[in-house]
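Visitor: Contents of start.cif (mmCIF, C-alpha atoms and all ligand atoms) are given next:
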```
data_entry
#
loop_
_atom_site.group_PDB
_atom_site.id
_atom_site.type_symbol
_atom_site.label_atom_id
_atom_site.label_comp_id
_atom_site.auth_asym_id
_atom_site.auth_seq_id
_atom_site.Cartn_x
_atom_site.Cartn_y
_atom_site.Cartn_z
ATOM 1 C CA MET A 11 91.548 44.837 103.829
ATOM 2 C CA ALA A 12 88.010 44.338 105.102
ATOM 3 C CA LYS A 13 85.958 47.493 105.136
ATOM 4 C CA SER A 14 84.414 48.698 108.350
ATOM 5 C CA LYS A 15 80.709 49.442 108.534
ATOM 6 C CA TYR A 16 81.652 53.111 108.804
ATOM 7 C CA GLU A 17 83.233 53.160 105.376
ATOM 8 C CA TYR A 18 80.024 54.478 103.765
ATOM 9 C CA VAL A 19 80.680 57.979 105.154
ATOM 10 C CA LYS A 20 83.263 58.436 102.369
ATOM 11 C CA GLN A 21 80.336 58.827 99.962
ATOM 12 C CA PHE A 22 79.560 62.182 101.521
ATOM 13 C CA GLU A 23 82.891 63.644 100.415
ATOM 14 C CA ARG A 24 82.782 65.933 97.400
ATOM 15 C CA ASP A 25 85.650 67.085 95.235
ATOM 16 C CA TYR A 26 85.660 70.009 92.852
ATOM 17 C CA PHE A 27 87.850 69.375 89.829
ATOM 18 C CA LEU A 28 89.340 72.408 88.113
ATOM 19 C CA ILE A 29 88.539 72.227 84.403
ATOM 20 C CA PRO A 30 91.253 70.766 82.162
ATOM 21 C CA ASN A 31 93.593 72.733 79.955
ATOM 22 C CA THR A 32 93.232 76.104 81.695
ATOM 23 C CA TRP A 33 95.898 78.149 83.418
ATOM 24 C CA LEU A 34 95.526 77.819 87.175
ATOM 25 C CA VAL A 35 96.217 80.770 89.414
ATOM 26 C CA ILE A 36 96.376 80.164 93.149
ATOM 27 C CA ARG A 37 96.438 83.453 95.030
ATOM 28 C CA ILE A 38 97.225 83.468 98.721
ATOM 29 C CA ASP A 39 96.820 86.552 100.901
ATOM 30 C CA GLY A 40 97.824 87.291 104.493
ATOM 31 C CA ARG A 41 94.864 87.221 106.859
ATOM 32 C CA GLY A 42 94.576 90.439 108.833
ATOM 33 C CA PHE A 43 98.022 91.641 107.800
ATOM 34 C CA HIS A 44 97.064 95.205 108.542
ATOM 35 C CA GLN A 45 97.174 94.174 112.179
ATOM 36 C CA PHE A 46 100.040 91.705 111.708
ATOM 37 C CA SER A 47 102.308 94.349 110.154
ATOM 38 C CA ASP A 48 101.474 96.821 112.952
ATOM 39 C CA ARG A 49 102.074 94.291 115.713
ATOM 40 C CA HIS A 50 105.455 93.379 114.219
ATOM 41 C CA GLN A 51 106.328 96.999 113.489
ATOM 42 C CA PHE A 52 106.924 96.542 109.784
ATOM 43 C CA GLU A 53 108.473 99.585 108.158
ATOM 44 C CA LYS A 54 105.991 101.731 106.272
ATOM 45 C CA PRO A 55 105.084 101.676 103.490
ATOM 46 C CA ASN A 56 107.472 98.809 102.608
ATOM 47 C CA ASP A 57 109.373 96.506 104.887
ATOM 48 C CA ARG A 58 112.222 95.006 102.892
ATOM 49 C CA ARG A 59 112.706 92.046 105.219
ATOM 50 C CA ALA A 60 109.002 91.186 105.299
ATOM 51 C CA LEU A 61 108.911 91.191 101.498
ATOM 52 C CA ASP A 62 112.084 89.083 101.334
ATOM 53 C CA LEU A 63 110.476 86.590 103.702
ATOM 54 C CA MET A 64 107.378 86.415 101.469
ATOM 55 C CA ASN A 65 109.675 85.731 98.497
ATOM 56 C CA LYS A 66 111.498 83.015 100.421
ATOM 57 C CA CYS A 67 108.196 81.260 101.176
ATOM 58 C CA ALA A 68 107.116 81.509 97.547
ATOM 59 C CA GLU A 69 110.452 80.067 96.443
ATOM 60 C CA ALA A 70 109.984 77.115 98.820
ATOM 61 C CA VAL A 71 106.476 76.517 97.428
ATOM 62 C CA MET A 72 107.799 76.630 93.847
ATOM 63 C CA ILE A 73 110.563 74.139 94.581
ATOM 64 C CA GLU A 74 108.100 71.745 96.191
ATOM 65 C CA ILE A 75 105.326 72.049 93.577
ATOM 66 C CA HIS A 76 106.880 71.335 90.192
ATOM 67 C CA ASP A 77 103.871 72.455 88.142
ATOM 68 C CA ILE A 78 104.287 76.098 89.227
ATOM 69 C CA ILE A 79 106.046 77.966 86.431
ATOM 70 C CA LEU A 80 105.863 81.516 87.800
ATOM 71 C CA ALA A 81 104.884 83.349 90.947
ATOM 72 C CA TYR A 82 104.113 87.036 91.434
ATOM 73 C CA GLY A 83 104.108 88.693 94.839
ATOM 74 C CA GLN A 84 103.409 92.107 96.355
ATOM 75 C CA SER A 85 102.312 93.312 99.786
ATOM 76 C CA ASP A 86 100.924 90.310 101.718
ATOM 77 C CA GLU A 87 99.908 88.313 98.636
ATOM 78 C CA PHE A 88 101.373 85.832 96.172
ATOM 79 C CA SER A 89 99.935 84.402 92.959
ATOM 80 C CA PHE A 90 101.190 81.020 91.798
ATOM 81 C CA ILE A 91 100.762 80.090 88.147
ATOM 82 C CA LEU A 92 100.400 76.386 87.333
ATOM 83 C CA LYS A 93 100.797 75.272 83.760
ATOM 84 C CA LYS A 94 97.713 74.491 81.700
ATOM 85 C CA GLU A 95 98.460 70.801 81.361
ATOM 86 C CA CYS A 96 99.107 70.397 85.098
ATOM 87 C CA ASN A 97 97.445 67.312 86.591
ATOM 88 C CA LEU A 98 98.468 67.902 90.191
ATOM 89 C CA TYR A 99 96.159 65.908 92.525
ATOM 90 C CA GLY A 100 93.971 65.227 89.490
ATOM 91 C CA ARG A 101 93.235 68.995 89.539
ATOM 92 C CA ARG A 102 91.290 68.715 92.779
ATOM 93 C CA GLU A 103 90.837 72.325 93.859
ATOM 94 C CA ALA A 104 90.832 71.842 97.627
ATOM 95 C CA LYS A 105 93.979 69.688 97.596
ATOM 96 C CA ILE A 106 95.891 72.179 95.441
ATOM 97 C CA ILE A 107 94.889 75.311 97.376
ATOM 98 C CA SER A 108 95.287 73.818 100.834
ATOM 99 C CA THR A 109 98.705 72.352 100.036
ATOM 100 C CA ILE A 110 100.045 75.653 98.696
ATOM 101 C CA VAL A 111 98.579 77.748 101.521
ATOM 102 C CA SER A 112 99.898 75.421 104.176
ATOM 103 C CA LEU A 113 103.381 75.150 102.642
ATOM 104 C CA PHE A 114 103.556 78.916 102.371
ATOM 105 C CA THR A 115 102.413 79.500 105.942
ATOM 106 C CA SER A 116 104.692 76.911 107.542
ATOM 107 C CA ASN A 117 107.646 78.377 105.649
ATOM 108 C CA TYR A 118 106.714 81.853 106.887
ATOM 109 C CA VAL A 119 106.996 80.687 110.480
ATOM 110 C CA PHE A 120 109.984 78.422 109.791
ATOM 111 C CA HIS A 121 112.076 81.204 108.211
ATOM 112 C CA TRP A 122 110.888 84.108 110.383
ATOM 113 C CA LYS A 123 113.956 84.142 112.661
ATOM 114 C CA LYS A 124 116.355 84.254 109.726
ATOM 115 C CA TYR A 125 114.714 87.405 108.363
ATOM 116 C CA PHE A 126 113.853 89.014 111.705
ATOM 117 C CA PRO A 127 116.556 87.885 114.159
ATOM 118 C CA ASP A 128 115.680 90.869 116.362
ATOM 119 C CA LYS A 129 111.880 90.400 116.328
ATOM 120 C CA GLU A 130 109.819 87.840 118.121
ATOM 121 C CA LEU A 131 106.944 86.304 116.178
ATOM 122 C CA HIS A 132 104.093 87.390 118.445
ATOM 123 C CA TYR A 133 101.347 85.149 117.078
ATOM 124 C CA PRO A 134 100.893 82.584 114.283
ATOM 125 C CA PRO A 135 100.205 84.214 110.911
ATOM 126 C CA SER A 136 97.661 82.733 108.521
ATOM 127 C CA PHE A 137 96.874 83.072 104.829
ATOM 128 C CA ASP A 138 93.786 82.466 102.740
ATOM 129 C CA GLY A 139 93.827 80.999 99.256
ATOM 130 C CA ARG A 140 91.696 80.837 96.135
ATOM 131 C CA ALA A 141 91.943 79.327 92.671
ATOM 132 C CA VAL A 142 91.107 81.097 89.432
ATOM 133 C CA GLN A 143 91.114 79.422 86.012
ATOM 134 C CA TYR A 144 92.058 81.310 82.867
ATOM 135 C CA PRO A 145 91.344 79.774 79.475
ATOM 136 C CA SER A 146 93.571 82.001 77.325
ATOM 137 C CA ASP A 147 97.151 83.217 77.535
ATOM 138 C CA ASN A 148 95.809 86.711 77.174
ATOM 139 C CA ASN A 149 93.554 86.308 80.224
ATOM 140 C CA LEU A 150 96.539 85.104 82.244
ATOM 141 C CA ARG A 151 98.668 88.051 81.158
ATOM 142 C CA ASP A 152 95.845 90.449 81.989
ATOM 143 C CA TYR A 153 95.548 88.833 85.422
ATOM 144 C CA LEU A 154 99.243 89.382 86.127
ATOM 145 C CA SER A 155 99.060 92.920 84.702
ATOM 146 C CA TRP A 156 96.139 93.598 87.047
ATOM 147 C CA ARG A 157 98.165 92.523 90.086
ATOM 148 C CA GLN A 158 101.230 94.540 89.012
ATOM 149 C CA ALA A 159 99.117 97.631 88.294
ATOM 150 C CA ASP A 160 97.545 97.190 91.749
ATOM 151 C CA CYS A 161 101.028 97.066 93.288
ATOM 152 C CA HIS A 162 101.962 100.314 91.555
ATOM 153 C CA ILE A 163 98.750 102.155 92.483
ATOM 154 C CA ASN A 164 98.944 101.113 96.148
ATOM 155 C CA ASN A 165 102.659 101.786 96.425
ATOM 156 C CA LEU A 166 102.408 105.264 94.935
ATOM 157 C CA TYR A 167 99.541 106.101 97.287
ATOM 158 C CA ASN A 168 101.247 104.603 100.353
ATOM 159 C CA THR A 169 104.558 106.317 99.578
ATOM 160 C CA CYS A 170 102.773 109.702 99.487
ATOM 161 C CA PHE A 171 100.665 108.906 102.531
ATOM 162 C CA TRP A 172 103.618 107.969 104.752
ATOM 163 C CA ALA A 173 105.773 110.830 103.468
ATOM 164 C CA LEU A 174 102.989 113.227 104.543
ATOM 165 C CA VAL A 175 102.570 111.518 107.921
ATOM 166 C CA HIS A 176 106.314 111.442 108.574
ATOM 167 C CA SER A 177 106.444 115.149 107.754
ATOM 168 C CA GLY A 178 104.004 115.880 110.602
ATOM 169 C CA LYS A 179 100.506 115.561 109.106
ATOM 170 C CA THR A 180 97.937 113.425 110.881
ATOM 171 C CA GLU A 181 96.697 110.336 109.025
ATOM 172 C CA ALA A 182 93.350 112.079 108.401
ATOM 173 C CA GLU A 183 95.126 115.152 106.958
ATOM 174 C CA ALA A 184 97.271 112.958 104.720
ATOM 175 C CA GLU A 185 94.144 111.186 103.461
ATOM 176 C CA ASN A 186 92.480 114.514 102.715
ATOM 177 C CA THR A 187 95.524 115.813 100.868
ATOM 178 C CA LEU A 188 95.531 112.740 98.619
ATOM 179 C CA ARG A 189 91.795 112.508 97.986
ATOM 180 C CA GLY A 190 91.022 112.848 94.269
ATOM 181 C CA THR A 191 94.669 113.213 93.204
ATOM 182 C CA SER A 192 95.879 111.647 89.953
ATOM 183 C CA SER A 193 98.983 109.587 89.523
ATOM 184 C CA SER A 194 100.925 112.562 88.137
ATOM 185 C CA ASP A 195 99.726 114.759 91.035
ATOM 186 C CA LYS A 196 101.219 112.198 93.416
ATOM 187 C CA ASN A 197 104.521 112.034 91.534
ATOM 188 C CA GLU A 198 104.636 115.817 91.607
ATOM 189 C CA LEU A 199 103.855 115.965 95.332
ATOM 190 C CA LEU A 200 106.672 113.515 96.098
ATOM 191 C CA TYR A 201 109.108 115.487 93.973
ATOM 192 C CA SER A 202 108.235 119.026 95.019
ATOM 193 C CA SER A 203 107.535 118.455 98.730
ATOM 194 C CA PHE A 204 109.889 115.606 99.579
ATOM 195 C CA ASN A 205 112.506 115.619 96.826
ATOM 196 C CA ILE A 206 111.622 112.005 96.060
ATOM 197 C CA ASN A 207 111.774 110.845 92.470
ATOM 198 C CA TYR A 208 109.244 108.012 92.520
ATOM 199 C CA ASN A 209 111.015 106.153 89.730
ATOM 200 C CA ASP A 210 114.196 105.981 91.814
ATOM 201 C CA LEU A 211 112.507 103.954 94.563
ATOM 202 C CA PRO A 212 113.403 100.241 94.613
ATOM 203 C CA GLU A 213 111.806 98.267 91.786
ATOM 204 C CA MET A 214 110.703 95.631 94.283
ATOM 205 C CA TYR A 215 108.379 98.169 95.912
ATOM 206 C CA ARG A 216 107.093 99.624 92.662
ATOM 207 C CA LYS A 217 106.702 96.443 90.624
ATOM 208 C CA GLY A 218 106.519 93.533 93.079
ATOM 209 C CA SER A 219 108.500 90.304 92.692
ATOM 210 C CA ILE A 220 108.424 87.809 89.855
ATOM 211 C CA LEU A 221 109.789 84.344 90.539
ATOM 212 C CA ILE A 222 110.605 82.002 87.680
ATOM 213 C CA LYS A 223 112.452 78.728 87.422
ATOM 214 C CA GLN A 224 115.646 78.423 85.470
ATOM 215 C CA GLU A 225 117.573 75.299 84.650
ATOM 216 C CA VAL A 226 121.222 75.496 85.672
ATOM 217 C CA ASP A 227 124.115 73.061 85.395
ATOM 218 C CA PHE A 228 125.840 71.886 88.529
ATOM 219 C CA LYS A 229 128.731 69.546 89.233
ATOM 220 C CA ALA A 230 128.030 66.311 91.066
ATOM 221 C CA LEU A 231 129.784 63.015 91.696
ATOM 222 C CA ASN A 232 128.274 59.889 90.136
ATOM 223 C CA GLN A 233 128.332 56.374 91.668
ATOM 224 C CA ASN A 234 131.962 55.906 90.565
ATOM 225 C CA GLU A 235 132.971 59.188 92.193
ATOM 226 C CA VAL A 236 133.470 60.755 88.774
ATOM 227 C CA GLU A 237 132.495 64.379 88.349
ATOM 228 C CA VAL A 238 129.460 64.835 86.087
ATOM 229 C CA ILE A 239 127.301 67.776 85.086
ATOM 230 C CA ARG A 240 123.667 67.561 86.169
ATOM 231 C CA LYS A 241 120.794 69.971 85.722
ATOM 232 C CA LYS A 242 118.551 71.435 88.399
ATOM 233 C CA ASN A 243 115.898 74.094 88.627
ATOM 234 C CA VAL A 244 116.663 77.183 90.644
ATOM 235 C CA VAL A 245 114.238 79.978 91.396
ATOM 236 C CA MET A 246 115.225 83.411 90.071
ATOM 237 C CA ILE A 247 113.715 86.587 91.494
ATOM 238 C CA THR A 248 113.274 89.690 89.398
ATOM 239 C CA ASN A 249 111.318 92.932 89.789
ATOM 240 C CA VAL A 250 110.714 93.884 86.174
ATOM 241 C CA ASP A 251 107.665 95.092 84.279
ATOM 242 C CA ILE A 252 105.432 92.165 83.309
ATOM 243 C CA ILE A 253 102.728 94.283 81.705
ATOM 244 C CA ARG A 254 104.653 95.026 78.518
ATOM 245 C CA ASN A 255 105.780 92.375 76.018
ATOM 246 C CA LYS A 256 109.494 92.525 76.795
ATOM 247 C CA PHE A 257 109.475 90.140 79.776
ATOM 248 C CA TRP A 258 107.404 87.557 77.883
ATOM 249 C CA GLU A 259 109.618 87.835 74.793
ATOM 250 C CA GLU A 260 112.641 87.177 76.994
ATOM 251 C CA HIS A 261 111.053 84.065 78.495
ATOM 252 C CA PRO A 262 109.859 81.815 75.666
ATOM 253 C CA GLU A 263 110.175 78.846 78.069
ATOM 254 C CA LEU A 264 106.984 80.082 79.764
ATOM 255 C CA LYS A 265 105.221 79.308 76.468
ATOM 256 C CA LEU A 266 102.801 82.219 76.477
ATOM 257 C CA SER A 267 101.659 83.539 73.137
ATOM 258 C CA LEU A 268 102.266 87.263 72.702
HETATM 259 P P1 LIG A 301 92.526 90.533 104.788
HETATM 260 O O1 LIG A 301 93.468 90.216 103.659
HETATM 261 O O2 LIG A 301 91.143 90.815 104.271
HETATM 262 O O3 LIG A 301 92.541 89.508 105.872
HETATM 263 O O4 LIG A 301 93.027 91.918 105.464
HETATM 264 P P2 LIG A 301 94.472 92.553 105.503
HETATM 265 O O5 LIG A 301 94.568 93.364 106.742
HETATM 266 O O6 LIG A 301 95.534 91.512 105.310
HETATM 267 O O7 LIG A 301 94.465 93.567 104.279
HETATM 268 P P3 LIG A 301 95.018 93.479 102.784
HETATM 269 O O8 LIG A 301 95.472 92.109 102.410
HETATM 270 O O9 LIG A 301 93.992 94.098 101.907
HETATM 271 O O10 LIG A 301 96.238 94.465 102.825
HETATM 272 C C1 LIG A 301 97.509 94.119 103.237
HETATM 273 C C2 LIG A 301 97.889 94.816 104.535
HETATM 274 O O11 LIG A 301 99.217 94.419 104.895
HETATM 275 C C3 LIG A 301 97.897 96.332 104.450
HETATM 276 O O12 LIG A 301 97.241 96.855 105.579
HETATM 277 C C4 LIG A 301 99.342 96.724 104.528
HETATM 278 C C5 LIG A 301 100.002 95.538 105.178
HETATM 279 N N1 LIG A 301 101.341 95.342 104.622
HETATM 280 C C6 LIG A 301 101.718 94.524 103.623
HETATM 281 N N2 LIG A 301 103.031 94.671 103.352
HETATM 282 C C7 LIG A 301 103.498 95.596 104.220
HETATM 283 C C8 LIG A 301 104.781 96.185 104.465
HETATM 284 O O13 LIG A 301 105.799 95.868 103.806
HETATM 285 N N3 LIG A 301 104.878 97.120 105.445
HETATM 286 C C9 LIG A 301 103.783 97.473 106.194
HETATM 287 N N4 LIG A 301 103.926 98.398 107.120
HETATM 288 N N5 LIG A 301 102.560 96.951 105.985
HETATM 289 C C10 LIG A 301 102.435 96.025 105.024
HETATM 290 MG MG MG A 302 91.855 91.518 101.628
HETATM 291 MG MG MG A 303 95.644 90.391 103.561
HETATM 292 MG MG MG A 304 96.555 91.758 100.528
HETATM 293 MG MG MG A 305 97.178 61.570 104.027
#
```
Go ahead and render the structure in this file as structure tokens.
Guide:
Amino acid sequence: MAKSKYEYVKQFERDYFLIPNTWLVIRIDGRGFHQFSDRHQFEKPNDRRALDLMNKCAEAVMIEIHDIILAYGQSDEFSFILKKECNLYGRREAKIISTIVSLFTSNYVFHWKKYFPDKELHYPPSFDGRAVQYPSDNNLRDYLSWRQADCHINNLYNTCFWALVHSGKTEAEAENTLRGTSSSDKNELLYSSFNINYNDLPEMYRKGSILIKQEVDFKALNQNEVEVIRKKNVVMITNVDIIRNKFWEEHPELKLSL
């Protein structure tokens, strides 16, 4: 096809290519979810349905983007791990991030009614996204450990904070009570004042959600209407510890050195 005289403007486009042979982490995070969770009256500190909806969106992203081997989510964020050898969009950063963010966001709106049949979606949510490259397996594990430790620290704090507020303290008083407290002080406070054993709270709240793909057999009919066994990837959700070795030992298919 003949080129128009305007074609030259293409030369102004710039692509950033993520370096080869590194783990790619795409982390998306809800924009202004402090306000979004208030406006939609999410339960505090954890809204089970909101977290389930986040997981649903992440699952949809994983099914669509084959190079994602694992996703980790907590609060209003999700990290998607793409395998080192991934050549998605020739590793163009903007294409990869924008596709994942947009798939995630459209799924959030698309599935909202299923998770919140009683709540209207008051305004369109949005998410930001970034890419981080990790050269070693150890760096990638430390990244995921960092996010899971963050989940734990925030959840322990928020559990104490809302227990204090629900017991009649103002938010400022609750903040003062918690200032400078250690992790064991917080566990103790929950136990002695509220009879809550922190370790009995749902693992999803304490550890976040890990999504991995697993190959399963399923029955299908071939062209001759004969039943055959085919394989497909399904997304499994778990809420286990990913800081210690156990999870990685149990999933050699993720091909991370220990
Ligand atoms: P950003 O990310 O800079 O645009 O700002 P935010 O407001 O999204 O803040 P961020 O991402 O640091 O923190 C997440 C907020 O989302 C935090 O205010 C708590 C809220 N949030 C997340 N999950 C839940 C939930 O399950 N229940 C409630 N009540 N709030 C939640
Ligand atoms: Mg933020
Ligand atoms: Mg946010
Ligand atoms: Mg966040
Ligand atoms: Mg196009």
Visitor: Need the shell around range 30-44 of chain A: protein/DNA/RNA residues with any atom at most 8 Å away, counting only C-alpha atoms. Skip same-chain ones fewer than 5 positions apart. Format as a PyMOL selection string?
Guide: chain A and resi 86-96+101+107+111+135-147+150
Visitor: May I ask for the distance between CA of Ser193 in chain A and atom N3 of ligand LIG 301 (chain A), given in Å to one decimal place?
Guide: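 Atom N3 of ligand LIG 301 (chain A) lies at a distance of 21.1 Å from CA of Ser193 in chain A.
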Visitor: Hey, can I get the axis-aligned box for range 262-266 of chain A? All listed atoms, 5 Å padding on each side, centre and edge lengths in Å to one decimal, as lines of an AutoDock Vina configuration file.
Guide:
```
center_x = 106.5
center_y = 80.5
center_z = 77.7
size_x = 17.4
size_y = 13.4
size_z = 14.1
```
Visitor: Residues proximal to (99.0, 108.6, 90.5) were defined as those with any atom within 10 Å of that point in the file's coordinates, counting all atoms listed in the file. Which are they, as a ChimeraX atom specification?
Guide: /A:162-167,170,188,190-198
Visitor: Check what the PyMOL selection byres (((chain A and resi 157) around 9) and not hetatm) selects in the file above and give those residues as a list in words.
Guide: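 Applying the expression gives Tyr82, Gly83, Gln84, Ser89, Asp152, Tyr153, Leu154, Ser155, Trp156, Gln158, Ala159, Asp160, Cys161, His162 and Gly218 of chain A.
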